[in-house]
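Participant: This is the structure, below, for whatever I ask next.
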Amino acid sequence: MAVYKRGYTRYQGALTGHWARFFVLPRFAWRRLLEQRLVVILLVAATFWPLLCAGFIYVSNHADLLLGFDQKMSAFLRIDSRFFVIFMNAQSVFAILLSAFAGPSLIAPDLANGALSLYFSRPISRVEYVLARLLVLLGMLSLVTWVPGVLLFFMQSAMAGWSWFASNWQLGVGVFFGFLLWILLVSLVAMASSAYVRWRIVAGALVLGVFFVLAGAAELTNAVLRVEWASAFNPGRAMNQIWCAMLGADPIPGPNATFCFIVVSIMAALLLFVLNRKLRPVEVVS
Amino acid sequence: MSAPEIVFQEVSKFYGEVLGVNHVTLRIPSGITSLVGPNGSGKTTLMNLMAGLIHPDRGVITVRGLSPRDPERLMRITGYATQYDAAPRGVTGLDFVTTGLLLAGHGKQEASRRAWKSLERVGMNEAAHRKVAAYSKGMRQRVRLAVALAHDPEVLILDEPLNGLDPLVRAETIALFHEFAAQGRHVVLSSHVLQEVDVISDRVILIANGMIIAEGHVRGVREEIHEHPSQYIIRCRDASRIAALLFEQDHITQVQVHEDRLGLLVATRNQREFSRALTRISLAGHTVESVVAADENVDALYKYLIGGGR
Amino acid sequence: MTAEFRLRQAWTIARLQLRRVFFSKRSSWVYLLALFPSVPFFGHAIEVKLSQSRYASRVTAAAILESIREGDTDEEVLKTAGEPVHERKFRRGPRGEASVEYRNLIYFDGERRWFLHFEAGILQNKRSRPLIDFEDDRKVFAGVFQYFYLRLAVFFGCLGIFMNLFRGEILDKTLHFWFLAPARREVLLAGKYLAGLIAATLIFATGAALSFGLMLWPQDAVELSAFWRAQGPEHLFWYATAAAAGCVGYGSLFLAAGLLVRNPVVPAIVILFWEGINGILPAALQKFSVLYYVQSLAPIPPPMDANAPALIQLLMSPADPPSTVAAVCGLLAVTALVLWIASRSVQRIEINYGTD
Ligand SMILES: Nc1ncnc2c1ncn2[C@@H]1O[C@H](COP(=O)(O)OP(=O)(O)OP(=O)(O)O)[C@@H](O)[C@H]1O
Ligand SMILES: [Mg+2]
């Protein structure tokens, strides 16, 4: 074609920054997730226990006046590491349920309908795609885990005063990082299973199944071998041990926190491996 | 043995609220018949109804005297290549065809012999041992055709069988249809392109919005399409007066005055006569503000199918 | 079309489907689920065998070990009982305070292991446990069978296998290939059910039998031959039968669910919940569950979890376990009912690959 006929000019206008573009993915995903009825129901249900705990904190800070100094009662009402570990165990279940219902709709449909090649034909890399999806889950699960947890911590600090905060600050840090670890594991399970099976619904079942079956298998191994270390392979139990160590609570009998942490890290590495293997825009059929 | 025809009597099918096909009455004799219509017009729906994959909400269908609700007998004489571009996981082309034959009740050896023959017919014997999932689009199309052909059916239903085929294979495939039709069998196929099937089919059925618009030989269809009632909305000052004038014309089948008395819905069987009538009316001093085709279907469809406004 | 023709057709369908169930990569997790319990049982057997050969040279007479009292020092114990089979020393203490030395010694008297726990050189705790306990191992197996196999593995395995038969093919957009075969829909249903049943039964009965075998492997030869002469074969048979019965029952349930329901998670949770609370339902309602019949087929009833709250233990008392004949008949009746419902709905089902 002659040069003078060349009418095409490239778009010269301004582009949004790299990170602004990156956040397009989670922004739309959040909105889509919040349109799902089940997700909203779960989010609402997940506030029940934190509210109860908030009530408990209130009562415990005003009980001295009401009850005098009954030793047993005040021990029961004390807000300590045990209180927060119990709180975390309850909320972790909601994290699993939420990730089972919300997680798979993030990746599985993209894979099943060949949307990955569309994403990758934008300036978005595979890692960024995964990070964006992870961010969606991270945000969603934070709402039911460390956000209420840290709020409770500050509520207690405000009510019990500076001295309580000074001697218990590591509780807040533990709640935050402990939950972050759990969210990471749960999100990885959700993403890996949806990349693995590619059906949104089945992937949800798989997420629940993984936690169910791992728990069953761990208990079974403990029973047959008459040991306790297999509990480390039950994510819920393992995480409980880690949390106890982080918050300085008395651990329940079982494998120690370091071992649990190693096992959980290996699981996470395996899940990343699956994600890396399965998250391809084109599948080569052998 | 009843007449070898495919018969639809007042058949309607709804997908929930969405219309699939509506009040379809058809008799399809043997030979090549093409269903032509734009996307979402109901071609696949009609074919699925014929094969018993879906059931009509109203009406009766028989395929060579057999009910689609009796797959045991119907499927013995019917081969259907669907538009769903899927194959069972991990099967090779040969497995795919053989499985169909085994299901049809052939023995192992017979099945494999027929499978090879069928693959050869569609020119796929070279790729027979490769996985279907690794085929190109045209290859998948052909292997599905091979599955439909393999048990030598009397009724061959093919949903968009020429899609994605290269010109050479297309010619071969069309020759195959002719061969089938010459033996007194049914070949029912669908397409978006009237010119394409124009040359190969004995009959064409035009379908739009779930309704049969025209059927017959291709030439007949062209004429018929002009006689099909089409609807117009007229905006004007004195609607009732114009309505009365229009209603005197015998090509007008329906006139409806809008509530605000400033509009009319008119159905006509002859567009040319209609435009003449409108000219007369405006010349007589009545103000006609606008004329819009209410359902551009027939017109648009025709343009779309024939390509450009011929 | 004769009945024989249809039977043959169903068998053809079953054979074609079987190949897919058995050899598809997608069902590999079912194998994993079925074979998993063998791993710890195998580990247990190996551990016992290794310990036996390792301890053989250092057996301490039981009488000596009996005579050791709490409060003895570690030096005294080492002098009287000799070298232990295992020893571990470590120091630990509360933060900021002086640490204490702990010492664990393990002795072996030919049958039992003795665990001695010293703190600062003083024996604090003495326990003994048989190296291997047939009675106990059988109880553990019964627990594994009832809780892991019946309630978890067979349940989820059947969920996967049988849901896949129809719902999976709808998701894959391949169900119409089956419907385009010259076979009645009921015949298709029967063929697919048969395939799922054969696969599930083979996988889970074999898995359970393998675990059972591995559980028996390290046991004492005398006890073992007595067991085989007495109730052994019967136990093995009923374990396999119970696994198969679980597949029959759950299989039909999930086959029907796959035809009727779009999302498998919903029926799975509903059925899991129903079977879970089954133990605390009125006797009349208990009869409408698979677990009620299947668990009574297993030769040893499920061991009660000692840690369960008293209220649950009270409620969990099963109403009246049915006799074997009644269990089999009841299960078949439930299955026949469910299959009948499934065959009604497979007649009506339409190929309508919606958005999923
Ligand atoms: N499973 C379904 N659920 C809801 N509506 C459907 C379904 N299948 C088809 N329809 C609707 O029925 C109508 C006819 O669809 P059909 O698939 O028969 O069209 P078609 O002529 O085959 O179109 P195409 O040329 O795109 O293949 C369309 O309006 C479509 O939206
Ligand atoms: Mg179509």
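Convention: chains lettered A, B, ... in structure tokens order; per-chain residue numbering from 1; ligands numbered from 1 as shown.
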What lies within 8 Å of C:Val346 using only C-alpha atoms, ignoring chain neighbours under 5 positions off, as a PyMOL selection string?
Facilitator: chain C and resi 185-186+189+259
Participant: Could you report the residues within 9 Å of ligand 1, using only C-alpha atoms and all ligand atoms, as JSON, numbers by chain?
Facilitator: {"B": [13, 14, 15, 16, 17, 18, 19, 20, 21, 35, 36, 37, 38, 39, 40, 41, 42, 43, 44, 45, 46, 47, 48, 83, 159, 160, 190, 191, 192, 207, 208, 209, 210], "C": [351, 352, 353, 354, 355]}
Participant: Using the chain letters and numbers from this document, which residues of stretch 7-247 of chain A does DSSP assign to alpha helix (DSSP H), as a VMD selection string?
Facilitator: chain A and resid 18 to 22 24 to 34 37 to 45 48 to 67 71 to 77 81 to 102 104 to 112 116 to 120 126 to 144 146 to 160 162 to 197 200 to 225 235 to 247
Participant: What residues in chain B have any atom no more than 8 Å from chain A when counting only C-alpha atoms, and can you write them as a PyMOL selection string?
Facilitator: chain B and resi 131+133-134
Participant: Can you spit out the residues from that selection as a PDB file, in the first residue's frame, using N, CA and C atoms?
Facilitator:
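This is the output file part-v4.pdb:
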```pdb
ATOM      1  N   LYS B 131      -7.027 -38.075  18.801  1.00  0.00           N
ATOM      2  CA  LYS B 131      -8.111 -37.700  19.726  1.00  0.00           C
ATOM      3  C   LYS B 131      -9.019 -36.653  19.091  1.00  0.00           C
ATOM      4  N   ALA B 133     -10.638 -34.390  20.549  1.00  0.00           N
ATOM      5  CA  ALA B 133     -10.427 -33.075  21.170  1.00  0.00           C
ATOM      6  C   ALA B 133      -9.303 -32.310  20.484  1.00  0.00           C
ATOM      7  N   ALA B 134      -8.419 -33.042  19.787  1.00  0.00           N
ATOM      8  CA  ALA B 134      -7.297 -32.371  19.130  1.00  0.00           C
ATOM      9  C   ALA B 134      -7.598 -32.075  17.663  1.00  0.00           C
TER      10      ALA B 134
END
```
Participant: When distances are computed from only C-alpha atoms and all ligand atoms, which of B:Ser290, B:Gln109, B:Asn163, B:Gln254 shows the smallest separation from ligand 2?
Facilitator: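 Of all the options, B:Asn163 lies closest to ligand 2.
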